[in-house]
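Step one of this worksheet: look at the structure below.
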Amino acid sequence: MSSSEAHAAPGRGEPNLAHHFETQNQQDGAVRLGMWLFLGTEVLLFAGLFLGYTVYRNFYHEAFHEASRHLSLALGTTNTIVLITSSLFVALGYHAIKQGKEKACAVLLVLTILCALGFLGIKSIEYAEKFREGALPGKWYHFSEITAPGANLYYTVYFLATGLHAFHVIVGMSVLIWVLKGVLKGKYGPKNYVAVELGGLYWHLVDLVWIFLFPLLYLI
Amino acid sequence: MANPTNNEAPHAAEHAHGVGRYFAVWIALMAFTVITVITGHQEWGSVNLPLAVSIATIKATLVVLFFMHMTEAPAANRIVFVVSIFFAILLIIGVFGDLWTRNEMTLPSAAPSTEGPEISVPSERLGAPSVPDSE
């Protein structure tokens, strides 16, 4: 992504070929491989959290079940729909810029960013509710409705997993805002769309993580 | 990097499909979301978790293959991602191999009850406030 800051500024919609690459295809291939490597490390990062969840769920099955029923399924489902739809928007935006439709791409990126804000808004409503109830991690837990041992751990995992995911939403949104700026400046087009593609890939990963978090935290 | 000819063809396959595919995937993802919400709240015991994880895996596969264009990605990129998933699964298998073969005494469920009177830790530190009226 950042390997393209070498020579004089390219023309409108033209890619910037770094000096250590011989062809544009070679550069694009390397950039894409780098992105997939990064996404692979992200999978491993979240795998650790999922593992922690599964292990504790195995120990405290009843408490985890009871605690998961206490999350708002309506808000969780809404957020799932918001994220899946935002993934569609960003995929369509990628399709648009490849065909040179800069305006359509910009609109779709704005819609994706709005979805990201919507997701964070809904998430903060859920967090506020948990703070009010005292369903908090570790020693701050003082939720009187579920006192079974292990419920505390459920909310620790809940806040850690959704918190790390929300952080990814914020990062993904910032990346998409940066991409949107480039689109509005006319930097991208049918010959130069890798940045839009990679921003989209990151956003899809955010969606992927939520696809697993949602059933494990809200439904099980 | 010295050999520019080892690059994949300039993504000719990417132009083979239109926006229809994205909408089809989106509809499928929505449908699976509805299915997982409905089935997730049935009390089917041990079926619930494998079912929910299976549906999530199908949804994730759709996203990776079509939204993330893994169907069109060169082999090197696919290997990187698939290997990371493989190692994540290996991690889970390893840990569960340990859990399922442990001596029962070492499991938290075999530990002394947190509500027993012999526990000296203040109850509010245990996440199980056994005497909520003390606050």
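Identifiers for the structure tokens are assigned positionally: chains receive A, B, ... in sequence, residues are indexed from 1 per chain, and ligands are indexed from 1 in the order shown.
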Filtered DSSP result for stretch 76-192 of chain A, state alpha helix (DSSP H), as a PyMOL selection string: chain A and resi 76-98+102-133+151-184
Near-stretch 51-64 of chain A list (6 Å; only C-alpha atoms; drop same-chain fewer than 5 positions) as a VMD selection string: chain A and resid 148 150 to 151 154
Please produce a file of the residues just selected, as a PDB file, in the first residue's frame, where the atoms kept are N, CA, C and O atoms.
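Printed below is part_29.pdb as written:
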```pdb
ATOM      1  N   ALA A 148     -24.073 -16.572  38.627  1.00  0.00           N
ATOM      2  CA  ALA A 148     -23.385 -17.859  38.449  1.00  0.00           C
ATOM      3  C   ALA A 148     -21.905 -17.621  38.194  1.00  0.00           C
ATOM      4  O   ALA A 148     -21.545 -16.672  37.485  1.00  0.00           O
ATOM      5  N   GLY A 150     -18.570 -17.617  36.395  1.00  0.00           N
ATOM      6  CA  GLY A 150     -18.308 -17.729  34.966  1.00  0.00           C
ATOM      7  C   GLY A 150     -18.982 -16.641  34.165  1.00  0.00           C
ATOM      8  O   GLY A 150     -18.510 -16.271  33.094  1.00  0.00           O
ATOM      9  N   ALA A 151     -20.093 -16.090  34.687  1.00  0.00           N
ATOM     10  CA  ALA A 151     -20.778 -15.009  33.976  1.00  0.00           C
ATOM     11  C   ALA A 151     -19.842 -13.811  33.852  1.00  0.00           C
ATOM     12  O   ALA A 151     -19.804 -13.119  32.828  1.00  0.00           O
ATOM     13  N   TYR A 154     -17.649 -14.369  31.024  1.00  0.00           N
ATOM     14  CA  TYR A 154     -18.346 -14.148  29.762  1.00  0.00           C
ATOM     15  C   TYR A 154     -18.254 -12.677  29.379  1.00  0.00           C
ATOM     16  O   TYR A 154     -17.937 -12.346  28.240  1.00  0.00           O
TER      17      TYR A 154
END
```
Pick from B:Ala28, B:Val80, B:Val47, B:Ile93 nearest to chain A, counting only C-alpha atoms: B:Val80
Enumerate, in order of chain and increasing residue number, the residues of chain A with an atom no farther than 8 Å from chain B, each with its shortest atom pair and distance in Å to one decimal, counting only C-alpha atoms, as CSV.
```
residue,atom,partner,partner_atom,distance
A:Phe21,CA,B:Met1,CA,7.0
A:Glu22,CA,B:Pro4,CA,6.2
A:Thr23,CA,B:Pro4,CA,6.5
A:Asn25,CA,B:Asn7,CA,6.5
A:Gln26,CA,B:Asn7,CA,5.8
A:Gly29,CA,B:Asn7,CA,7.1
A:Arg32,CA,B:Asn77,CA,7.4
A:Leu33,CA,B:Asn77,CA,5.3
A:Trp36,CA,B:Asn77,CA,6.0
A:Leu37,CA,B:Val80,CA,6.0
A:Leu39,CA,B:Phe81,CA,7.2
A:Gly40,CA,B:Phe81,CA,5.1
A:Thr41,CA,B:Ser84,CA,7.1
A:Val43,CA,B:Ser84,CA,6.8
A:Leu44,CA,B:Ala88,CA,6.0
A:Ala47,CA,B:Ala88,CA,5.8
A:Gly48,CA,B:Ala88,CA,8.0
A:Leu51,CA,B:Ile92,CA,6.2
A:Val55,CA,B:Phe96,CA,7.8
A:Phe59,CA,B:Ser109,CA,6.6
A:Tyr60,CA,B:Ser109,CA,7.9
A:Thr77,CA,B:Val37,CA,7.6
A:Thr80,CA,B:Thr33,CA,7.7
A:Ile81,CA,B:Met30,CA,7.0
A:Ile84,CA,B:Trp26,CA,7.1
A:Thr85,CA,B:Trp26,CA,7.1
A:Ser87,CA,B:Phe67,CA,7.5
A:Leu88,CA,B:Trp26,CA,6.4
A:Ala91,CA,B:Phe67,CA,5.9
A:Leu92,CA,B:Val19,CA,6.8
A:His95,CA,B:Val19,CA,7.4
A:Gly138,CA,B:Gly127,CA,7.1
A:Lys139,CA,B:Arg125,CA,5.4
A:Tyr141,CA,B:Gly127,CA,5.9
A:His142,CA,B:Gly127,CA,7.2
A:Ser144,CA,B:Pro132,CA,6.9
A:Thr147,CA,B:Ala128,CA,4.7
A:Ala148,CA,B:Ala128,CA,5.9
A:Pro149,CA,B:Ala128,CA,5.4
A:Gly150,CA,B:Gly127,CA,7.4
A:Ala151,CA,B:Gly127,CA,7.3
A:Asn152,CA,B:Gly127,CA,5.1
A:Gly200,CA,B:Met68,CA,7.8
A:Leu201,CA,B:Met68,CA,5.8
A:His204,CA,B:Met68,CA,6.8
A:Leu208,CA,B:Ala60,CA,5.6
A:Ile211,CA,B:Ala56,CA,5.8
A:Phe212,CA,B:Ala56,CA,5.7
A:Pro215,CA,B:Ala52,CA,6.1
A:Leu216,CA,B:Ala52,CA,7.6
A:Leu219,CA,B:Gly40,CA,5.0
A:Ile220,CA,B:Leu49,CA,6.4
```
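You will find atom CA of A:Phe119 at 5.6 Å from atom CA of A:Asn79.
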